[in-house]
Every structure is written in C-alpha cells, then in structure tokens.
file data13.pdb (PDB, C-alpha atoms)
MODEL        1
ATOM      1  CA  MET A   8      -4.999   0.724   1.786
ATOM      2  CA  SER A   9      -2.689  -1.615  -0.045
ATOM      3  CA  HIS A  10       1.063  -1.102  -0.277
ATOM      4  CA  THR A  11       3.420  -3.178  -2.363
ATOM      5  CA  LYS A  12       6.377  -0.835  -2.884
ATOM      6  CA  VAL A  13       9.419  -1.721  -0.817
ATOM      7  CA  THR A  14      13.013  -0.572  -0.700
ATOM      8  CA  GLU A  15      16.166  -2.559  -0.135
ATOM      9  CA  ASP A  16      15.831  -1.731   3.575
ATOM     10  CA  THR A  17      12.218  -2.932   3.753
ATOM     11  CA  PRO A  18      11.345  -6.643   3.794
ATOM     12  CA  PRO A  19       9.967  -8.054   0.525
ATOM     13  CA  GLN A  20       6.210  -8.542   0.264
ATOM     14  CA  ALA A  21       6.311 -12.225   1.221
ATOM     15  CA  GLU A  22       8.048 -11.351   4.481
ATOM     16  CA  LEU A  23       5.676  -8.485   5.172
ATOM     17  CA  ASP A  24       2.814 -10.955   4.741
ATOM     18  CA  ALA A  25       4.438 -13.297   7.281
ATOM     19  CA  PHE A  26       4.842 -10.467   9.797
ATOM     20  CA  ARG A  27       1.202  -9.492   9.200
ATOM     21  CA  GLU A  28       0.017 -13.064   9.738
ATOM     22  CA  LEU A  29       1.847 -13.327  13.060
ATOM     23  CA  GLN A  30       0.550  -9.932  14.187
ATOM     24  CA  GLN A  31      -2.970 -11.111  13.380
ATOM     25  CA  LEU A  32      -2.367 -14.289  15.390
ATOM     26  CA  ALA A  33      -1.094 -12.305  18.382
ATOM     27  CA  TYR A  34      -4.154 -10.040  18.360
ATOM     28  CA  GLN A  35      -6.410 -13.067  17.933
ATOM     29  CA  ALA A  36      -4.828 -14.696  20.979
ATOM     30  CA  ALA A  37      -5.304 -11.547  23.060
ATOM     31  CA  GLY A  38      -8.906 -11.176  21.911
ATOM     32  CA  ASP A  39      -9.726 -14.825  22.548
ATOM     33  CA  VAL A  40      -8.251 -14.659  26.045
ATOM     34  CA  ALA A  41      -9.992 -11.335  26.747
ATOM     35  CA  ALA A  42     -13.302 -13.036  25.983
ATOM     36  CA  THR A  43     -12.600 -15.621  28.718
ATOM     37  CA  LEU A  44     -11.751 -13.122  31.474
ATOM     38  CA  GLU A  45     -14.054 -12.922  34.474
ATOM     39  CA  PRO A  46     -13.892 -11.563  38.013
ATOM     40  CA  GLY A  47     -11.183 -13.265  40.032
ATOM     41  CA  VAL A  48      -8.844 -14.075  37.147
ATOM     42  CA  THR A  49      -5.337 -12.847  37.967
ATOM     43  CA  GLU A  50      -2.803 -11.142  35.726
ATOM     44  CA  ARG A  51      -0.599 -14.223  35.894
ATOM     45  CA  GLU A  52      -3.454 -16.469  34.764
ATOM     46  CA  ALA A  53      -4.373 -14.153  31.882
ATOM     47  CA  ALA A  54      -0.748 -13.985  30.714
ATOM     48  CA  ARG A  55      -0.463 -17.769  30.937
ATOM     49  CA  ARG A  56      -3.571 -18.191  28.772
ATOM     50  CA  VAL A  57      -2.134 -15.898  26.098
ATOM     51  CA  ARG A  58       1.155 -17.808  26.118
ATOM     52  CA  GLU A  59      -0.524 -21.190  25.841
ATOM     53  CA  HIS A  60      -2.779 -19.968  23.031
ATOM     54  CA  LEU A  61       0.180 -18.764  20.993
ATOM     55  CA  GLU A  62       2.381 -21.779  21.657
ATOM     56  CA  GLY A  63      -0.532 -23.922  20.544
ATOM     57  CA  HIS A  64      -0.443 -22.059  17.212
ATOM     58  CA  GLY A  65       3.209 -22.587  16.419
ATOM     59  CA  VAL A  66       4.977 -19.850  18.388
ATOM     60  CA  GLN A  67       8.445 -21.133  19.253
ATOM     61  CA  ASP A  68      10.116 -18.162  20.921
ATOM     62  CA  TRP A  69       9.508 -14.693  22.340
ATOM     63  CA  PHE A  70      10.747 -11.160  22.066
ATOM     64  CA  HIS A  71       9.028 -10.923  25.422
ATOM     65  CA  THR A  72       6.581 -13.262  27.101
ATOM     66  CA  PRO A  73       2.979 -12.059  27.635
ATOM     67  CA  PHE A  74       2.193  -9.283  30.089
ATOM     68  CA  ALA A  75      -1.192  -8.564  31.664
ATOM     69  CA  TRP A  76      -2.052  -5.402  33.582
ATOM     70  CA  PHE A  77      -5.331  -4.863  35.475
ATOM     71  CA  GLY A  78      -6.893  -1.780  37.052
ATOM     72  CA  ASP A  79      -4.580   1.145  37.792
ATOM     73  CA  ARG A  80      -1.683  -0.999  36.615
ATOM     74  CA  THR A  81      -2.895  -0.325  33.050
ATOM     75  CA  ALA A  82      -1.696   3.251  33.647
ATOM     76  CA  PHE A  83       1.546   2.103  35.328
ATOM     77  CA  ARG A  84       0.660   4.051  38.462
ATOM     78  CA  GLY A  85       3.464   3.734  40.985
ATOM     79  CA  PHE A  86       5.789   1.840  38.624
ATOM     80  CA  THR A  87       9.389   2.633  39.548
ATOM     81  CA  VAL A  88      11.337  -0.568  38.744
ATOM     82  CA  PRO A  89      11.179  -2.955  35.749
ATOM     83  CA  LEU A  90       9.985  -5.885  37.863
ATOM     84  CA  GLN A  91       6.645  -4.120  38.322
ATOM     85  CA  PHE A  92       5.801  -4.714  34.660
ATOM     86  CA  PHE A  93       5.577  -8.470  35.160
ATOM     87  CA  PRO A  94       2.174 -10.090  35.813
ATOM     88  CA  THR A  95       1.053 -10.206  39.429
ATOM     89  CA  SER A  96      -1.666 -11.763  41.548
ATOM     90  CA  ARG A  97      -3.901  -8.707  40.936
ATOM     91  CA  ALA A  98      -7.404 -10.085  40.369
ATOM     92  CA  LEU A  99      -9.797  -8.677  37.794
ATOM     93  CA  GLU A 100     -12.989  -7.003  39.022
ATOM     94  CA  GLU A 101     -16.181  -5.842  37.328
ATOM     95  CA  GLY A 102     -15.645  -2.593  35.418
ATOM     96  CA  MET A 103     -11.850  -2.900  35.664
ATOM     97  CA  PRO A 104      -9.676  -2.075  32.632
ATOM     98  CA  PHE A 105      -7.028  -4.491  31.412
ATOM     99  CA  ILE A 106      -4.201  -4.607  28.869
ATOM    100  CA  LEU A 107      -2.794  -7.785  27.341
ATOM    101  CA  ASP A 108       0.612  -7.379  25.689
ATOM    102  CA  CYS A 109       2.669 -10.061  23.948
ATOM    103  CA  ALA A 110       5.571 -10.344  21.518
ATOM    104  CA  PRO A 111       5.751 -13.819  19.949
ATOM    105  CA  VAL A 112       8.359 -15.127  17.511
ATOM    106  CA  ARG A 113       7.526 -17.757  14.895
ATOM    107  CA  ASP A 114       9.956 -18.924  12.211
ATOM    108  CA  GLY A 115      12.069 -15.872  12.974
ATOM    109  CA  TYR A 116       9.210 -13.409  12.435
ATOM    110  CA  VAL A 117       8.262 -11.092  15.299
ATOM    111  CA  ALA A 118       5.055  -9.399  16.400
ATOM    112  CA  ASP A 119       4.544  -7.091  19.368
ATOM    113  CA  ILE A 120       0.966  -6.131  20.215
ATOM    114  CA  GLY A 121      -1.094  -4.448  22.923
ATOM    115  CA  TYR A 122      -4.803  -5.122  23.453
ATOM    116  CA  SER A 123      -6.863  -2.829  25.700
ATOM    117  CA  GLY A 124     -10.230  -3.754  27.150
ATOM    118  CA  TYR A 125     -12.345  -3.857  30.297
ATOM    119  CA  LEU A 126     -14.712  -6.171  32.120
ATOM    120  CA  GLY A 127     -18.371  -5.143  32.128
ATOM    121  CA  GLU A 128     -18.945  -1.434  31.555
ATOM    122  CA  ASN A 129     -16.483   1.434  31.613
ATOM    123  CA  PRO A 130     -17.574   4.561  29.648
ATOM    124  CA  LEU A 131     -14.372   6.443  30.526
ATOM    125  CA  HIS A 132     -12.300   3.666  28.993
ATOM    126  CA  ASP A 133     -14.391   4.009  25.818
ATOM    127  CA  ARG A 134     -13.578   7.738  25.744
ATOM    128  CA  LEU A 135      -9.850   7.124  26.028
ATOM    129  CA  MET A 136      -9.955   4.481  23.317
ATOM    130  CA  ASP A 137     -11.849   6.856  21.014
ATOM    131  CA  ASP A 138      -9.213   9.540  21.559
ATOM    132  CA  LEU A 139      -6.365   7.108  20.949
ATOM    133  CA  ARG A 140      -7.395   6.984  17.300
ATOM    134  CA  ALA A 141      -5.973  10.451  16.634
ATOM    135  CA  HIS A 142      -2.543   9.233  17.715
ATOM    136  CA  ARG A 143      -2.504   6.465  15.124
ATOM    137  CA  ARG A 144      -3.128   8.968  12.361
ATOM    138  CA  LEU A 145      -0.758  11.599  13.754
ATOM    139  CA  ILE A 146       2.156   9.151  13.985
ATOM    140  CA  VAL A 147       1.931   7.855  10.419
ATOM    141  CA  GLU A 148       1.404  11.349   8.971
ATOM    142  CA  ARG A 149       4.409  12.826  10.776
ATOM    143  CA  VAL A 150       6.698   9.887   9.963
ATOM    144  CA  ARG A 151       5.553  10.016   6.326
ATOM    145  CA  ALA A 152       6.403  13.737   6.271
ATOM    146  CA  GLY A 153       9.986  12.951   7.280
ATOM    147  CA  ASP A 154       9.884  14.449  10.775
ATOM    148  CA  THR A 155      12.461  13.203  13.226
ATOM    149  CA  LEU A 156      11.386  10.511  15.660
ATOM    150  CA  GLN A 157      12.108  12.942  18.477
ATOM    151  CA  ASP A 158       9.731  15.497  16.962
ATOM    152  CA  VAL A 159       7.001  12.893  16.375
ATOM    153  CA  TYR A 160       7.317  11.776  20.002
ATOM    154  CA  ARG A 161       6.929  15.391  21.126
ATOM    155  CA  ALA A 162       3.909  15.854  18.841
ATOM    156  CA  VAL A 163       2.283  12.808  20.444
ATOM    157  CA  ASP A 164       3.064  14.287  23.860
ATOM    158  CA  ALA A 165       1.432  17.576  22.852
ATOM    159  CA  LEU A 166      -1.707  15.811  21.623
ATOM    160  CA  ILE A 167      -1.927  13.802  24.850
ATOM    161  CA  ARG A 168      -1.809  17.035  26.859
ATOM    162  CA  GLU A 169      -4.432  18.663  24.612
ATOM    163  CA  GLN A 170      -6.739  15.735  25.259
ATOM    164  CA  GLY A 171      -6.302  16.112  29.013
ATOM    165  CA  TYR A 172      -4.415  12.847  29.496
ATOM    166  CA  ASP A 173      -0.872  11.927  30.458
ATOM    167  CA  ASN A 174       1.851  10.047  28.640
ATOM    168  CA  ARG A 175       2.314   6.541  30.012
ATOM    169  CA  HIS A 176       4.788   5.138  27.450
ATOM    170  CA  ARG A 177       7.360   7.406  29.117
ATOM    171  CA  VAL A 178       7.287   4.923  32.020
ATOM    172  CA  TYR A 179       8.650   2.109  29.843
ATOM    173  CA  PRO A 180      12.396   1.508  30.173
ATOM    174  CA  GLY A 181      14.108   4.143  28.053
ATOM    175  CA  ARG A 182      10.823   6.091  27.741
ATOM    176  CA  VAL A 183      10.304   4.348  24.388
ATOM    177  CA  ILE A 184       7.172   4.672  22.286
ATOM    178  CA  ALA A 185       8.504   2.163  19.726
ATOM    179  CA  HIS A 186      11.348  -0.111  18.700
ATOM    180  CA  GLN A 187      12.468  -1.572  15.404
ATOM    181  CA  VAL A 188      11.535  -5.153  14.583
ATOM    182  CA  GLY A 189      12.908  -7.571  12.030
ATOM    183  CA  ARG A 190      13.576 -11.239  11.558
ATOM    184  CA  VAL A 191      15.430 -12.901  14.411
ATOM    185  CA  HIS A 192      18.712 -14.498  13.300
ATOM    186  CA  SER A 193      20.628 -16.192  16.084
ATOM    187  CA  ARG A 194      22.386 -19.455  16.826
ATOM    188  CA  LEU A 195      21.716 -19.146  20.525
ATOM    189  CA  PRO A 196      19.305 -21.669  22.060
ATOM    190  CA  ARG A 197      15.686 -20.641  22.448
ATOM    191  CA  ALA A 198      15.495 -19.502  26.038
ATOM    192  CA  VAL A 199      13.777 -16.789  28.050
ATOM    193  CA  VAL A 200      15.597 -14.723  30.659
ATOM    194  CA  ALA A 201      13.677 -12.236  32.810
ATOM    195  CA  GLY A 202      10.743 -12.446  30.419
ATOM    196  CA  PHE A 203      12.733 -11.746  27.244
ATOM    197  CA  GLY A 204      13.931 -14.184  24.594
ATOM    198  CA  ILE A 205      17.731 -14.213  24.460
ATOM    199  CA  ARG A 206      17.758 -14.690  20.674
ATOM    200  CA  SER A 207      15.646 -11.567  20.180
ATOM    201  CA  LEU A 208      17.750  -9.620  22.672
ATOM    202  CA  GLN A 209      20.899 -10.600  20.785
ATOM    203  CA  THR A 210      19.343  -9.262  17.579
ATOM    204  CA  LEU A 211      18.295  -6.016  19.302
ATOM    205  CA  VAL A 212      21.751  -5.495  20.797
ATOM    206  CA  GLY A 213      23.280  -6.000  17.349
ATOM    207  CA  ASP A 214      20.894  -3.414  15.934
ATOM    208  CA  LEU A 215      21.816  -0.990  18.717
ATOM    209  CA  VAL A 216      25.507  -1.287  17.865
ATOM    210  CA  VAL A 217      24.974  -0.840  14.120
ATOM    211  CA  GLU A 218      22.533   2.046  14.469
ATOM    212  CA  ARG A 219      24.698   3.889  16.984
ATOM    213  CA  MET A 220      27.541   3.770  14.434
ATOM    214  CA  HIS A 221      25.227   5.780  12.170
ATOM    215  CA  HIS A 222      24.142   8.101  15.018
ATOM    216  CA  ARG A 223      20.695   6.500  15.078
ATOM    217  CA  SER A 224      18.843   4.199  17.426
ATOM    218  CA  PRO A 225      16.433   1.279  16.949
ATOM    219  CA  LEU A 226      14.670   2.554  20.086
ATOM    220  CA  TRP A 227      12.295   5.480  19.583
ATOM    221  CA  ALA A 228      12.162   7.894  22.510
ATOM    222  CA  ASP A 229      12.312  11.640  23.096
ATOM    223  CA  GLY A 230      16.068  11.995  23.570
ATOM    224  CA  ASP A 231      18.598  13.403  21.121
ATOM    225  CA  ILE A 232      19.537   9.911  19.882
ATOM    226  CA  SER A 233      16.087   9.889  18.231
ATOM    227  CA  ALA A 234      16.679  13.210  16.441
ATOM    228  CA  HIS A 235      16.606  11.532  13.020
ATOM    229  CA  PRO A 236      13.832  10.404  10.652
ATOM    230  CA  ALA A 237      12.590   6.844  11.020
ATOM    231  CA  THR A 238      15.036   4.306   9.622
ATOM    232  CA  PRO A 239      13.439   2.305   6.778
ATOM    233  CA  GLY A 240      12.144  -1.013   8.045
ATOM    234  CA  MET A 241       9.503  -1.919  10.598
ATOM    235  CA  TRP A 242       8.708  -0.350  13.946
ATOM    236  CA  ALA A 243       6.482  -1.727  16.727
ATOM    237  CA  VAL A 244       4.729   1.456  17.892
ATOM    238  CA  GLU A 245       2.739   1.719  21.142
ATOM    239  CA  PRO A 246       1.276   5.090  22.149
ATOM    240  CA  HIS A 247       0.017   4.634  25.704
ATOM    241  CA  ILE A 248      -2.230   7.248  27.303
ATOM    242  CA  GLY A 249      -3.589   7.459  30.822
ATOM    243  CA  PHE A 250      -6.236   9.248  32.839
ATOM    244  CA  ARG A 251      -6.488   8.696  36.580
ATOM    245  CA  ASP A 252      -6.417   4.912  37.067
ATOM    246  CA  ILE A 253      -7.059   3.943  33.438
ATOM    247  CA  GLY A 254      -4.458   3.369  30.759
ATOM    248  CA  VAL A 255      -5.108   2.385  27.135
ATOM    249  CA  LYS A 256      -2.845   1.659  24.216
ATOM    250  CA  PHE A 257      -2.445  -0.217  20.993
ATOM    251  CA  GLU A 258       0.759  -1.673  19.602
ATOM    252  CA  GLU A 259       1.297  -2.617  15.982
ATOM    253  CA  ILE A 260       3.862  -2.552  13.197
ATOM    254  CA  LEU A 261       4.538   0.611  11.212
ATOM    255  CA  VAL A 262       6.340   0.010   7.905
ATOM    256  CA  VAL A 263       8.761   2.723   6.800
ATOM    257  CA  THR A 264      10.291   2.966   3.324
ATOM    258  CA  GLU A 265      12.610   5.603   1.866
ATOM    259  CA  ASP A 266       9.627   7.739   0.833
ATOM    260  CA  ASP A 267       6.537   6.434   2.629
ATOM    261  CA  ALA A 268       5.157   5.084   5.897
ATOM    262  CA  TYR A 269       2.066   2.996   6.538
ATOM    263  CA  TRP A 270       0.583   0.655   9.101
ATOM    264  CA  LEU A 271       1.202  -2.969   8.190
ATOM    265  CA  ASP A 272      -2.452  -3.925   8.722
ATOM    266  CA  ASP A 273      -5.693  -1.995   9.171
ATOM    267  CA  ASP A 274      -7.715  -5.101  10.047
ATOM    268  CA  LEU A 275      -6.985  -4.965  13.779
ATOM    269  CA  PRO A 276      -9.351  -4.905  16.791
ATOM    270  CA  HIS A 277      -8.875  -1.230  17.692
ATOM    271  CA  VAL A 278      -9.253  -0.104  14.061
ATOM    272  CA  ARG A 279     -12.371  -2.244  13.585
ATOM    273  CA  ARG A 280     -13.738  -0.774  16.813
ATOM    274  CA  TRP A 281     -13.268   2.799  15.594
ATOM    275  CA  ASP A 282     -14.820   1.955  12.235
ATOM    276  CA  ALA A 283     -17.810   0.260  13.878
ATOM    277  CA  ARG A 284     -18.415   3.311  16.071
ATOM    278  CA  ALA A 285     -18.351   5.459  12.904
ATOM    279  CA  LEU A 286     -16.040   7.973  14.533
ATOM    280  CA  PRO A 287     -15.223  11.067  12.468
ATOM    281  CA  SER A 288     -11.792  10.978  10.884
ATOM    282  CA  PRO A 289      -9.434  12.586  13.424
ATOM    283  CA  SER A 290      -6.749  15.146  12.752
ATOM    284  CA  SER A 291      -3.797  16.105  14.871
ATOM    285  CA  SER A 292      -5.763  19.115  16.157
ATOM    286  CA  THR A 293      -8.810  17.112  17.242
ATOM    287  CA  THR A 294      -9.199  16.866  21.019
ATOM    288  CA  THR A 295     -11.785  15.600  23.427
ATOM    289  CA  GLU A 296     -11.243  17.279  26.771
ATOM    290  CA  VAL A 297     -12.038  15.253  29.886
ATOM    291  CA  THR A 298     -12.890  16.708  33.261
ATOM    292  CA  ARG A 299     -10.284  15.846  35.853
TER     293      ARG A 299
ENDMDL
END
call {"tool": "encode", "arguments": {"input": "data13.pdb", "output": "structure tokens"}}
result
Amino acid sequence: MSHTKVTEDTPPQAELDAFRELQQLAYQAAGDVAATLEPGVTEREAARRVREHLEGHGVQDWFHTPFAWFGDRTAFRGFTVPLQFFPTSRALEEGMPFILDCAPVRDGYVADIGYSGYLGENPLHDRLMDDLRAHRRLIVERVRAGDTLQDVYRAVDALIREQGYDNRHRVYPGRVIAHQVGRVHSRLPRAVVAGFGIRSLQTLVGDLVVERMHHRSPLWADGDISAHPATPGMWAVEPHIGFRDIGVKFEEILVVTEDDAYWLDDDLPHVRRWDARALPSPSSSTTTEVTR
C-alpha cells in the first residue's frame, strides 16, 4: 500500500524515501552475503562481509555493526551477558539456521534489519518463518488501533505461546522488541565503541531523556514505561521467535503517525517469501501448533 500522509512528528516523504532506500540496501547486503555462505564460514566472517558490502555502498557510520548468529545462537540459547551477542568463531554447517543483523547509517539516515535463513534444507525453519507472518500483521493492527506498546508486546507474547514457540526478543538488553529511529545529528566523530556508533548512541540517549520527561520511552518493551501508545515517528521492530535450537526474526521500520501506522516498505525478503508461498492472510488468532 502507498502512504503519503505525514504529521509534524513524522519525517516528510523525501526523508521516508531515504530511510526506505537505506533499509533496502541493508537487506540487499544481508541477502547477498547469505548467498555466499557455505559450510565452515564463521559468524565473524559473515559479519565482516556484511560490513564490507555496506561500506562499499556509501555507509559511513553505524547504529550497531553487523551481527551474525549461527545454529542455536539464532535462538539466543544460553545468552546471559551482552558480550554473547557479538559474532564468534562458530562455523556454519549444513542445515544450520543463521541470522544476519545490521544497522547502518548513511547521510544521517538509519536502518536496522534482521535477515533469517539457513544453509541447505531445514523444514522446521520454514515453519517458523511462515508463522512469523502473523506477528507482522498483529503488530501494525494493534498499533494502528491505538493500543499501548506494553499491550502490543503482551499480545505478541500471547501469539507466540499459542503457536507453541517462545519469545526470544526478551533476551535482548531491556527485553526490547523495538526502538525508535530517526536521523542522527551529532558533532561527535564517527567512531564505534563496543559495536555501537557513538553518534547514534548520543542521539538515542537524548531521545531517552526527552521521552522520559513525557513519561514515555523510545525503547519498546513490556514494562510500565511502555504503557503508552506508540509515539509518532519511526520504530525498528523485531519480533524474534524460537523453537528448540532455531530462532527466526525480521526487523524493519514501522511508521507511526497521529492516526495511522504502516510498514515503511512491503518489498522486503520475508514479505516476498510469504507472497511467493501464497500463504493465507493471517489473523491474530491464526496458529500453527508444533510438536515439542
């Protein structure tokens, strides 16, 4: 669908187009690198390939540098400290799932994406990806209806349980399913500390201070600080579901206005996949139970 209406809190169309272009580039980089993966490639090598691809296409900075997770690490099994999110020497094997995640910055515009795939064949991964589609629809419908972010988070949790899976975005720092994004404005030098760009972190900290003054948060989780409707603007949303040693997710920008919500772009790999498989349109009550 096409959306052109914006509010004073939503970027003008030209800026939305620039965010969309960068999001497309980030997904293209992940897809191109995914096509090169083979047994023996490590997480560090995959993340390096994504970074080099994006820097070769004009990316100058990062919200966070690329992550790569293989095997049970796609479901964050055993993750207890933030350092475990960083790429490791884990080598890819036939049939193994993977997630590539990156958040590039170009000309001040930000994208934050997650690309799920696997090497060879993995029917269970296909099932999880099919069921992830219902979450994309549920999120936009509930935000559009004006529900609080806390309530939308809980609705996603309920759908995950109905499907027989478990919530893996709760393992992220702060249990976040999303965070606000906007143009990066900073006079700090372009530098990366602990995997995060300091200019982007400065912008996020500023947003945290401003939003807390209004009893809101730019971080979307299940706590009481998220007991408010989505603030108009853009949100990088990443529902992440897991089953046994497989985790799948997508991450993309949701645009929120004073009276509407919509995904910035429907021409993305996971959406094209669902369309190509001719899946029936999901509703929040649709479930596909898996045997544990």
call {"tool": "closest_atom_pairs", "arguments": {"input": "data13.pdb", "of": "range 94-195 of chain A", "to": "range 72-85 of chain A", "cutoff": "6 Å", "atoms": "only C-alpha atoms", "output": "Markdown table"}}
result
| residue | atom | partner | partner_atom | distance |
| --- | --- | --- | --- | --- |
| A:Pro94 | CA | A:Ala75 | CA | 5.6 |
| A:Met103 | CA | A:Gly78 | CA | 5.3 |
| A:Pro104 | CA | A:Gly78 | CA | 5.2 |
| A:Phe105 | CA | A:Phe77 | CA | 4.4 |
| A:Ile106 | CA | A:Trp76 | CA | 5.2 |
| A:Leu107 | CA | A:Ala75 | CA | 4.7 |
| A:Asp108 | CA | A:Phe74 | CA | 5.0 |
| A:Cys109 | CA | A:Pro73 | CA | 4.2 |
call {"tool": "closest_atom_pairs", "arguments": {"input": "data13.pdb", "of": "range 50-121 of chain A", "to": "range 184-195 of chain A", "cutoff": "7 Å", "atoms": "only C-alpha atoms", "output": "JSON lines"}}
result
{"residue": "A:Gly115", "atom": "CA", "partner": "A:Val191", "partner_atom": "CA", "distance": 4.7}
{"residue": "A:Tyr116", "atom": "CA", "partner": "A:Arg190", "partner_atom": "CA", "distance": 5.0}
{"residue": "A:Val117", "atom": "CA", "partner": "A:Arg190", "partner_atom": "CA", "distance": 6.5}
call {"tool": "closest_residue", "arguments": {"input": "data13.pdb", "among": "A:Leu23, A:Leu271, A:Val112, A:Ile248", "to": "Met136 in chain A", "atoms": "all atoms listed in the file"}}
result
A:Ile248
call {"tool": "resolve_selection", "arguments": {"input": "data13.pdb", "expression": "the PyMOL selection byres ((chain A and resi 89) around 12)", "output": "count of residues only"}}
result
16
call {"tool": "atom_distance", "arguments": {"input": "data13.pdb", "atom1": "CA of His235 in chain A", "atom2": "CA of Val159 in chain A"}}
result
10.3 Å
call {"tool": "closest_residue", "arguments": {"input": "data13.pdb", "among": "A:Leu166, A:Tyr125, A:Leu44, A:Leu99", "to": "Arg143 in chain A", "atoms": "only C-alpha atoms"}}
result
A:Leu166
call {"tool": "closest_residue", "arguments": {"input": "data13.pdb", "among": "A:Glu28, A:Glu100, A:Trp281, A:Pro239", "to": "Val48 in chain A", "atoms": "only C-alpha atoms"}}
result
A:Glu100
call {"tool": "atom_distance", "arguments": {"input": "data13.pdb", "atom1": "CA of Ser224 in chain A", "atom2": "CA of Arg144 in chain A"}}
result
23.0 Å
call {"tool": "axis_aligned_box", "arguments": {"input": "data13.pdb", "around": "range 247-262 of chain A", "padding_each_side": "8 Å", "output": "JSON"}}
result
{"center_x": -0.4, "center_y": 3.3, "center_z": 22.5, "size_x": 29.4, "size_y": 27.9, "size_z": 45.2}
call {"tool": "resolve_selection", "arguments": {"input": "data13.pdb", "expression": "the PyMOL selection byres ((chain A and resi 160) around 9)", "output": "list in words"}}
result
Ile146, Thr155, Leu156, Gln157, Asp158, Val159, Arg161, Ala162, Val163, Asp164, Ala165, Ile184, Trp227, Ala228 and Asp229 of chain A
call {"tool": "closest_residue", "arguments": {"input": "data13.pdb", "among": "A:Asp39, A:Gly102, A:Arg56, A:Ile232", "to": "Pro130 in chain A", "atoms": "all atoms listed in the file"}}
result
A:Gly102
call {"tool": "closest_residue", "arguments": {"input": "data13.pdb", "among": "A:Arg140, A:Arg134, A:His64, A:Arg149", "to": "Asp282 in chain A", "atoms": "only C-alpha atoms"}}
result
A:Arg140
call {"tool": "closest_residue", "arguments": {"input": "data13.pdb", "among": "A:Ile205, A:Ile260, A:Ala54, A:Val183", "to": "Phe26 in chain A", "atoms": "all atoms listed in the file"}}
result
A:Ile260
call {"tool": "atom_distance", "arguments": {"input": "data13.pdb", "atom1": "CA of Gly38 in chain A", "atom2": "CA of Pro225 in chain A"}}
result
28.7 Å
call {"tool": "residues_around", "arguments": {"input": "data13.pdb", "residues": "Tyr34 in chain A", "least_positions_apart": "4", "cutoff": "8 Å", "atoms": "only C-alpha atoms", "output": "ChimeraX atom specification"}}
result
/A:30,38,120-122,275-276
call {"tool": "write_last_selection", "arguments": {"input": "data13.pdb", "atoms": "C-alpha atoms", "output": "PDB file, in the coordinates of the input"}}
result
ATOM      1  CA  GLN A  30       0.550  -9.932  14.187  1.00  0.00           C
ATOM      2  CA  GLY A  38      -8.906 -11.176  21.911  1.00  0.00           C
ATOM      3  CA  ILE A 120       0.966  -6.131  20.215  1.00  0.00           C
ATOM      4  CA  GLY A 121      -1.094  -4.448  22.923  1.00  0.00           C
ATOM      5  CA  TYR A 122      -4.803  -5.122  23.453  1.00  0.00           C
ATOM      6  CA  LEU A 275      -6.985  -4.965  13.779  1.00  0.00           C
ATOM      7  CA  PRO A 276      -9.351  -4.905  16.791  1.00  0.00           C
TER       8      PRO A 276
END
call {"tool": "resolve_selection", "arguments": {"input": "data13.pdb", "expression": "the PyMOL selection byres ((chain A and resi 262) around 10)", "output": "PyMOL selection string"}}
result
chain A and resi 10+13+17-18+23+147+187-188+237-243+259-261+263-264+267-272
call {"tool": "build_atoms", "arguments": {"input": "data13.pdb", "residues": "range 165-177 of chain A", "atoms": "N, CA, C and O atoms", "output": "mmCIF file, in the coordinates of the input"}}
result
data_model
loop_
_atom_site.group_PDB
_atom_site.id
_atom_site.type_symbol
_atom_site.label_atom_id
_atom_site.label_comp_id
_atom_site.auth_asym_id
_atom_site.auth_seq_id
_atom_site.Cartn_x
_atom_site.Cartn_y
_atom_site.Cartn_z
ATOM 1 N N ALA A 165 2.262 16.373 22.903
ATOM 2 C CA ALA A 165 1.432 17.576 22.852
ATOM 3 C C ALA A 165 -0.038 17.209 22.680
ATOM 4 O O ALA A 165 -0.916 17.813 23.313
ATOM 5 N N LEU A 166 -0.323 16.234 21.832
ATOM 6 C CA LEU A 166 -1.707 15.811 21.623
ATOM 7 C C LEU A 166 -2.278 15.178 22.896
ATOM 8 O O LEU A 166 -3.440 15.424 23.256
ATOM 9 N N ILE A 167 -1.481 14.399 23.586
ATOM 10 C CA ILE A 167 -1.927 13.802 24.850
ATOM 11 C C ILE A 167 -2.327 14.898 25.837
ATOM 12 O O ILE A 167 -3.371 14.820 26.486
ATOM 13 N N ARG A 168 -1.502 15.938 25.935
ATOM 14 C CA ARG A 168 -1.809 17.035 26.859
ATOM 15 C C ARG A 168 -3.071 17.780 26.424
ATOM 16 O O ARG A 168 -3.909 18.142 27.264
ATOM 17 N N GLU A 169 -3.225 18.001 25.110
ATOM 18 C CA GLU A 169 -4.432 18.663 24.612
ATOM 19 C C GLU A 169 -5.684 17.880 24.990
ATOM 20 O O GLU A 169 -6.733 18.465 25.302
ATOM 21 N N GLN A 170 -5.593 16.583 24.956
ATOM 22 C CA GLN A 170 -6.739 15.735 25.259
ATOM 23 C C GLN A 170 -7.012 15.642 26.759
ATOM 24 O O GLN A 170 -8.046 15.104 27.163
ATOM 25 N N GLY A 171 -6.104 16.150 27.571
ATOM 26 C CA GLY A 171 -6.302 16.112 29.013
ATOM 27 C C GLY A 171 -5.804 14.844 29.675
ATOM 28 O O GLY A 171 -6.161 14.558 30.820
ATOM 29 N N TYR A 172 -4.942 14.107 28.971
ATOM 30 C CA TYR A 172 -4.415 12.847 29.496
ATOM 31 C C TYR A 172 -2.937 12.997 29.845
ATOM 32 O O TYR A 172 -2.377 14.087 29.759
ATOM 33 N N ASP A 173 -2.309 11.885 30.245
ATOM 34 C CA ASP A 173 -0.872 11.927 30.458
ATOM 35 C C ASP A 173 -0.201 10.761 29.745
ATOM 36 O O ASP A 173 -0.805 9.721 29.497
ATOM 37 N N ASN A 174 1.037 10.995 29.400
ATOM 38 C CA ASN A 174 1.851 10.047 28.640
ATOM 39 C C ASN A 174 2.288 8.906 29.556
ATOM 40 O O ASN A 174 2.971 9.137 30.546
ATOM 41 N N ARG A 175 1.907 7.680 29.191
ATOM 42 C CA ARG A 175 2.314 6.541 30.012
ATOM 43 C C ARG A 175 3.425 5.730 29.363
ATOM 44 O O ARG A 175 4.093 4.949 30.049
ATOM 45 N N HIS A 176 3.657 5.874 28.033
ATOM 46 C CA HIS A 176 4.788 5.138 27.450
ATOM 47 C C HIS A 176 6.121 5.687 27.960
ATOM 48 O O HIS A 176 7.146 4.998 27.844
ATOM 49 N N ARG A 177 6.109 6.880 28.544
ATOM 50 C CA ARG A 177 7.360 7.406 29.117
ATOM 51 C C ARG A 177 7.805 6.603 30.333
ATOM 52 O O ARG A 177 8.944 6.752 30.786
#
